[in-house]
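Undergrad: File name input.cif; file contents mmCIF, C-alpha atoms; full text below.
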data_my_file
loop_
_atom_site.group_PDB
_atom_site.id
_atom_site.type_symbol
_atom_site.label_atom_id
_atom_site.label_comp_id
_atom_site.auth_asym_id
_atom_site.auth_seq_id
_atom_site.Cartn_x
_atom_site.Cartn_y
_atom_site.Cartn_z
ATOM 1 C CA MET A 631 -4.115 5.648 -11.214
ATOM 2 C CA ASP A 632 -6.293 3.286 -13.248
ATOM 3 C CA VAL A 633 -8.485 0.970 -11.137
ATOM 4 C CA LYS A 634 -7.737 -1.956 -13.492
ATOM 5 C CA PHE A 635 -4.379 -2.197 -11.715
ATOM 6 C CA ILE A 636 -5.988 -3.073 -8.359
ATOM 7 C CA ASN A 637 -7.033 -6.696 -9.007
ATOM 8 C CA PRO A 638 -3.551 -8.022 -9.920
ATOM 9 C CA PHE A 639 -2.219 -6.777 -6.563
ATOM 10 C CA LEU A 640 -5.281 -7.946 -4.648
ATOM 11 C CA GLU A 641 -4.968 -11.447 -6.148
ATOM 12 C CA GLY A 642 -1.194 -11.515 -5.632
ATOM 13 C CA THR A 643 -1.500 -10.550 -1.975
ATOM 14 C CA ILE A 644 -4.107 -13.185 -1.164
ATOM 15 C CA SER A 645 -2.265 -15.902 -3.102
ATOM 16 C CA VAL A 646 1.158 -15.267 -1.535
ATOM 17 C CA LEU A 647 -0.058 -14.990 2.065
ATOM 18 C CA LYS A 648 -2.278 -18.076 1.820
ATOM 19 C CA THR A 649 0.497 -20.137 0.244
ATOM 20 C CA MET A 650 3.590 -18.903 2.088
ATOM 21 C CA ALA A 651 2.211 -17.973 5.522
ATOM 22 C CA MET A 652 -1.032 -19.938 5.873
ATOM 23 C CA VAL A 653 -2.790 -16.631 6.576
ATOM 24 C CA GLU A 654 -6.236 -15.861 5.176
ATOM 25 C CA PRO A 655 -6.266 -12.106 4.408
ATOM 26 C CA LEU A 656 -9.661 -10.451 3.978
ATOM 27 C CA ALA A 657 -9.670 -7.433 1.664
ATOM 28 C CA GLY A 658 -11.569 -4.314 2.594
ATOM 29 C CA LYS A 659 -12.816 -1.562 0.318
ATOM 30 C CA PRO A 660 -10.023 0.203 -1.627
ATOM 31 C CA TYR A 661 -9.710 3.952 -1.125
ATOM 32 C CA LEU A 662 -7.597 6.890 -2.259
ATOM 33 C CA LYS A 663 -4.664 7.560 0.073
ATOM 34 C CA LYS A 664 -4.140 11.068 1.345
ATOM 35 C CA GLY A 665 -0.647 12.065 2.477
ATOM 36 C CA ASN A 666 2.508 9.978 2.758
ATOM 37 C CA GLN A 667 2.173 8.445 6.221
ATOM 38 C CA ALA A 668 2.367 4.650 6.298
ATOM 39 C CA LYS A 669 -0.578 2.820 7.814
ATOM 40 C CA GLY A 670 1.555 0.155 9.533
ATOM 41 C CA ASP A 671 4.676 -0.305 11.647
ATOM 42 C CA VAL A 672 6.909 -1.844 8.960
ATOM 43 C CA SER A 673 6.665 -1.282 5.206
ATOM 44 C CA ALA A 674 8.395 -2.257 2.000
ATOM 45 C CA ILE A 675 8.220 -0.361 -1.265
ATOM 46 C CA ILE A 676 9.220 -1.658 -4.679
ATOM 47 C CA GLY A 677 9.518 0.397 -7.860
ATOM 48 C CA MET A 678 8.187 -0.875 -11.172
ATOM 49 C CA THR A 679 8.903 0.143 -14.725
ATOM 50 C CA GLY A 680 8.042 -0.966 -18.235
ATOM 51 C CA SER A 681 4.686 -0.604 -19.957
ATOM 52 C CA ALA A 682 3.300 0.405 -16.545
ATOM 53 C CA ARG A 683 5.336 2.510 -14.149
ATOM 54 C CA GLY A 684 5.018 3.234 -10.441
ATOM 55 C CA SER A 685 5.425 1.445 -7.148
ATOM 56 C CA LEU A 686 3.888 -1.005 -4.716
ATOM 57 C CA ALA A 687 4.143 -0.696 -0.947
ATOM 58 C CA LEU A 688 3.004 -3.089 1.747
ATOM 59 C CA SER A 689 2.602 -1.795 5.270
ATOM 60 C CA PHE A 690 1.999 -4.214 8.173
ATOM 61 C CA SER A 691 0.922 -3.709 11.757
ATOM 62 C CA GLU A 692 3.451 -5.225 14.157
ATOM 63 C CA ALA A 693 1.172 -8.030 15.372
ATOM 64 C CA CYS A 694 0.204 -8.959 11.814
ATOM 65 C CA ILE A 695 3.738 -9.193 10.420
ATOM 66 C CA LEU A 696 5.017 -11.103 13.447
ATOM 67 C CA LYS A 697 2.307 -13.744 12.879
ATOM 68 C CA ILE A 698 2.970 -13.906 9.123
ATOM 69 C CA VAL A 699 6.747 -14.259 9.512
ATOM 70 C CA SER A 700 6.375 -16.750 12.371
ATOM 71 C CA ASN A 701 4.168 -18.898 10.131
ATOM 72 C CA MET A 702 6.492 -18.547 7.133
ATOM 73 C CA LEU A 703 9.718 -19.382 8.972
ATOM 74 C CA GLY A 704 8.402 -21.807 11.591
ATOM 75 C CA GLU A 705 9.764 -19.765 14.511
ATOM 76 C CA THR A 706 8.075 -17.410 16.942
ATOM 77 C CA TYR A 707 8.950 -13.736 16.485
ATOM 78 C CA LYS A 708 8.084 -11.309 19.272
ATOM 79 C CA GLU A 709 9.523 -8.082 17.822
ATOM 80 C CA ILE A 710 10.397 -6.526 14.491
ATOM 81 C CA ASN A 711 14.054 -7.352 13.859
ATOM 82 C CA ASP A 712 16.307 -7.736 10.799
ATOM 83 C CA GLU A 713 14.843 -11.162 9.914
ATOM 84 C CA VAL A 714 11.305 -9.771 10.015
ATOM 85 C CA ARG A 715 12.309 -6.741 7.911
ATOM 86 C CA ASP A 716 13.984 -9.065 5.377
ATOM 87 C CA ALA A 717 10.791 -11.136 5.239
ATOM 88 C CA VAL A 718 8.706 -8.002 4.590
ATOM 89 C CA GLY A 719 10.921 -7.234 1.598
ATOM 90 C CA GLU A 720 10.641 -10.797 0.329
ATOM 91 C CA ILE A 721 6.837 -10.875 0.766
ATOM 92 C CA THR A 722 6.608 -7.616 -1.188
ATOM 93 C CA ASN A 723 8.829 -9.096 -3.887
ATOM 94 C CA MET A 724 6.653 -12.226 -4.145
ATOM 95 C CA ILE A 725 3.402 -10.236 -4.298
ATOM 96 C CA SER A 726 4.948 -7.982 -6.937
ATOM 97 C CA GLY A 727 5.912 -11.071 -8.941
ATOM 98 C CA VAL A 728 2.402 -12.521 -8.917
ATOM 99 C CA ALA A 729 0.883 -9.114 -9.725
ATOM 100 C CA ARG A 730 3.351 -8.563 -12.601
ATOM 101 C CA LYS A 731 2.445 -11.964 -14.024
ATOM 102 C CA ASN A 732 -1.243 -11.001 -13.820
ATOM 103 C CA LEU A 733 -0.466 -7.636 -15.451
ATOM 104 C CA GLU A 734 1.354 -9.486 -18.246
ATOM 105 C CA SER A 735 -1.859 -11.374 -19.035
ATOM 106 C CA MET A 736 -3.478 -7.906 -19.453
ATOM 107 C CA GLY A 737 -0.806 -6.895 -21.984
ATOM 108 C CA PHE A 738 1.640 -5.091 -19.685
ATOM 109 C CA ASN A 739 5.315 -5.960 -19.388
ATOM 110 C CA VAL A 740 6.446 -4.696 -15.980
ATOM 111 C CA LEU A 741 9.845 -5.091 -14.314
ATOM 112 C CA ALA A 742 10.515 -4.571 -10.602
ATOM 113 C CA ALA A 743 13.394 -3.140 -8.600
ATOM 114 C CA ILE A 744 14.675 -4.433 -5.256
ATOM 115 C CA PRO A 745 12.355 -3.599 -2.333
ATOM 116 C CA THR A 746 13.320 -1.033 0.299
ATOM 117 C CA VAL A 747 12.119 -1.730 3.847
ATOM 118 C CA VAL A 748 11.342 0.941 6.456
ATOM 119 C CA SER A 749 10.112 0.390 10.001
ATOM 120 C CA GLY A 750 9.096 2.481 12.979
ATOM 121 C CA LYS A 751 6.018 4.373 14.053
ATOM 122 C CA ASP A 752 4.797 7.144 11.744
ATOM 123 C CA HIS A 753 7.192 6.471 8.842
ATOM 124 C CA ALA A 754 6.409 7.744 5.346
ATOM 125 C CA ILE A 755 5.917 5.986 2.018
ATOM 126 C CA LEU A 756 6.888 8.063 -0.999
ATOM 127 C CA HIS A 757 5.842 6.595 -4.329
ATOM 128 C CA VAL A 758 7.993 6.864 -7.460
ATOM 129 C CA LEU A 759 5.280 8.760 -9.338
ATOM 130 C CA GLY A 760 4.332 10.986 -6.431
ATOM 131 C CA GLY A 761 0.699 11.967 -6.148
ATOM 132 C CA SER A 762 -2.094 9.774 -4.885
ATOM 133 C CA SER A 763 -2.163 6.024 -4.525
ATOM 134 C CA ILE A 764 -4.832 3.425 -3.883
ATOM 135 C CA ILE A 765 -4.898 1.659 -0.504
ATOM 136 C CA ILE A 766 -6.359 -1.829 -0.248
ATOM 137 C CA PRO A 767 -6.837 -2.540 3.470
ATOM 138 C CA PHE A 768 -6.628 -6.162 4.634
ATOM 139 C CA GLU A 769 -7.583 -7.804 7.908
ATOM 140 C CA THR A 770 -6.071 -10.984 9.317
ATOM 141 C CA VAL A 771 -6.640 -12.830 12.602
ATOM 142 C CA ALA A 772 -3.474 -11.109 13.866
ATOM 143 C CA GLY A 773 -4.350 -7.579 12.719
ATOM 144 C CA PRO A 774 -4.361 -5.306 9.693
ATOM 145 C CA PHE A 775 -2.009 -4.638 6.815
ATOM 146 C CA PHE A 776 -2.262 -2.404 3.775
ATOM 147 C CA VAL A 777 -1.389 -2.700 0.093
ATOM 148 C CA ASP A 778 -0.553 0.741 -1.324
ATOM 149 C CA VAL A 779 -0.383 0.884 -5.151
ATOM 150 C CA CYS A 780 0.563 3.797 -7.394
ATOM 151 C CA LEU A 781 0.835 2.575 -10.997
ATOM 152 C CA ASN A 782 0.081 4.104 -14.398
ATOM 153 C CA ALA A 783 0.344 2.735 -17.927
ATOM 154 C CA THR A 784 3.186 4.159 -20.012
ATOM 155 C CA THR A 785 2.047 2.542 -23.283
ATOM 156 C CA GLN A 786 -1.166 1.250 -24.769
ATOM 157 C CA GLU A 787 -2.280 -2.261 -23.857
ATOM 158 C CA LYS A 788 -1.726 -4.999 -26.426
#
Would it be possible to restate this file's structure as structure tokens?
TA:
Amino acid sequence: MDVKFINPFLEGTISVLKTMAMVEPLAGKPYLKKGNQAKGDVSAIIGMTGSARGSLALSFSEACILKIVSNMLGETYKEINDEVRDAVGEITNMISGVARKNLESMGFNVLAAIPTVVSGKDHAILHVLGGSSIIIPFETVAGPFFVDVCLNATTQEK
């Protein structure tokens, strides 16, 4: 995976969570993921195709996603339920949208599929391309979450 694909997802994540959930995420140092195990308790993965192909996954700790969804929807959530899982898919969709717009400014035309959401301890995230992905860890006042990106160019940049 090319490191130039990290910033669009980093910027998209910060923008969406600040705007939609009034949460200030702090990015940690990106690293290469080993294995398929998710880092959080609930995750969404969205496939992407076009002039760059791959997938984006977001994986949230329970405390973190409950705070984010509570802020977004104006209700207090105490457990991961269908509404919270739906919100994880929608957050992933929004972050993907901002990142794809940023990728477009770099000369890539990328389309996204519908996110799939998985929850439970020790679940796996399998990327479309297989192989390694880049993890961008984030910290919030309510706990950690992780952006997991596996994306490669399929054509030359414009």
Undergrad: Evaluating the PyMOL selection byres ((chain A and resi 750-754) around 9) on the displayed file yields which residues, as a VMD selection string?
TA: chain A and resid 665 to 673 748 to 749 755 to 756
Undergrad: Enter the distance from atom CA of A:Lys663 to atom CA of A:Pro745, in Å, rounded to one decimal.
TA: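 About the pair atom CA of A:Lys663 and atom CA of A:Pro745: they are 20.5 Å apart.
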Undergrad: Could you name the residues that touch stretch 643-649 of chain A at 8 Å or less, counting all atoms listed in the file, but leaving out those on the same chain fewer than 4 positions away, as a list of chain:residue names?
TA: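 So the residues in contact are A:Phe639, A:Val653, A:Glu654, A:Pro655, A:Ile698, A:Ile721, A:Met724, A:Ile725, A:Val728.
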Undergrad: Would you list the contacts of A:Thr679 as a PyMOL selection string, taking every protein, DNA or RNA residue within 7 Å and counting all atoms listed in the file, but skipping same-chain residues closer than 6 positions in sequence?
TA: chain A and resi 740-742
Undergrad: Dump C-alpha atoms for the selected residues as a PDB file, in the coordinates of the input?
TA:
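Below is the file selection-v7.pdb, written as the result:
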ATOM      1  CA  VAL A 740       6.446  -4.696 -15.980  1.00  0.00           C
ATOM      2  CA  LEU A 741       9.845  -5.091 -14.314  1.00  0.00           C
ATOM      3  CA  ALA A 742      10.515  -4.571 -10.602  1.00  0.00           C
TER       4      ALA A 742
END
Undergrad: Between atom CA of A:Ala674 and atom CA of A:Ile766, measure the distance and give it in Å to one decimal.
TA: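 These two atoms are separated by 14.9 Å.
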Undergrad: Could you tell me which of A:Gly727, A:Pro774, A:Gly760, A:Gly704 comes closest to A:Glu641 if we count all atoms listed in the file?
TA: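 Distance minimum relative to A:Glu641 lands on A:Gly727.
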Undergrad: From the options A:Leu759, A:Tyr661, A:Ile744, A:Met650, which residue's atoms come nearest to A:Val699, counting only C-alpha atoms?
TA: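 The answer is A:Met650, which sits nearest to A:Val699.
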Undergrad: List the residues matched by the PyMOL selection byres ((chain A and resi 638) around 8) in the displayed structure as number ranges by chain, ordered by chain and then by residue number.
TA: A: 635-637, 639-642, 728-730, 732-733
Undergrad: Write out the residues from the selection above, keeping C-alpha atoms, as an mmCIF file, keeping the file's coordinate frame.
TA:
data_model
loop_
_atom_site.group_PDB
_atom_site.id
_atom_site.type_symbol
_atom_site.label_atom_id
_atom_site.label_comp_id
_atom_site.auth_asym_id
_atom_site.auth_seq_id
_atom_site.Cartn_x
_atom_site.Cartn_y
_atom_site.Cartn_z
ATOM 1 C CA PHE A 635 -4.379 -2.197 -11.715
ATOM 2 C CA ILE A 636 -5.988 -3.073 -8.359
ATOM 3 C CA ASN A 637 -7.033 -6.696 -9.007
ATOM 4 C CA PHE A 639 -2.219 -6.777 -6.563
ATOM 5 C CA LEU A 640 -5.281 -7.946 -4.648
ATOM 6 C CA GLU A 641 -4.968 -11.447 -6.148
ATOM 7 C CA GLY A 642 -1.194 -11.515 -5.632
ATOM 8 C CA VAL A 728 2.402 -12.521 -8.917
ATOM 9 C CA ALA A 729 0.883 -9.114 -9.725
ATOM 10 C CA ARG A 730 3.351 -8.563 -12.601
ATOM 11 C CA ASN A 732 -1.243 -11.001 -13.820
ATOM 12 C CA LEU A 733 -0.466 -7.636 -15.451
#
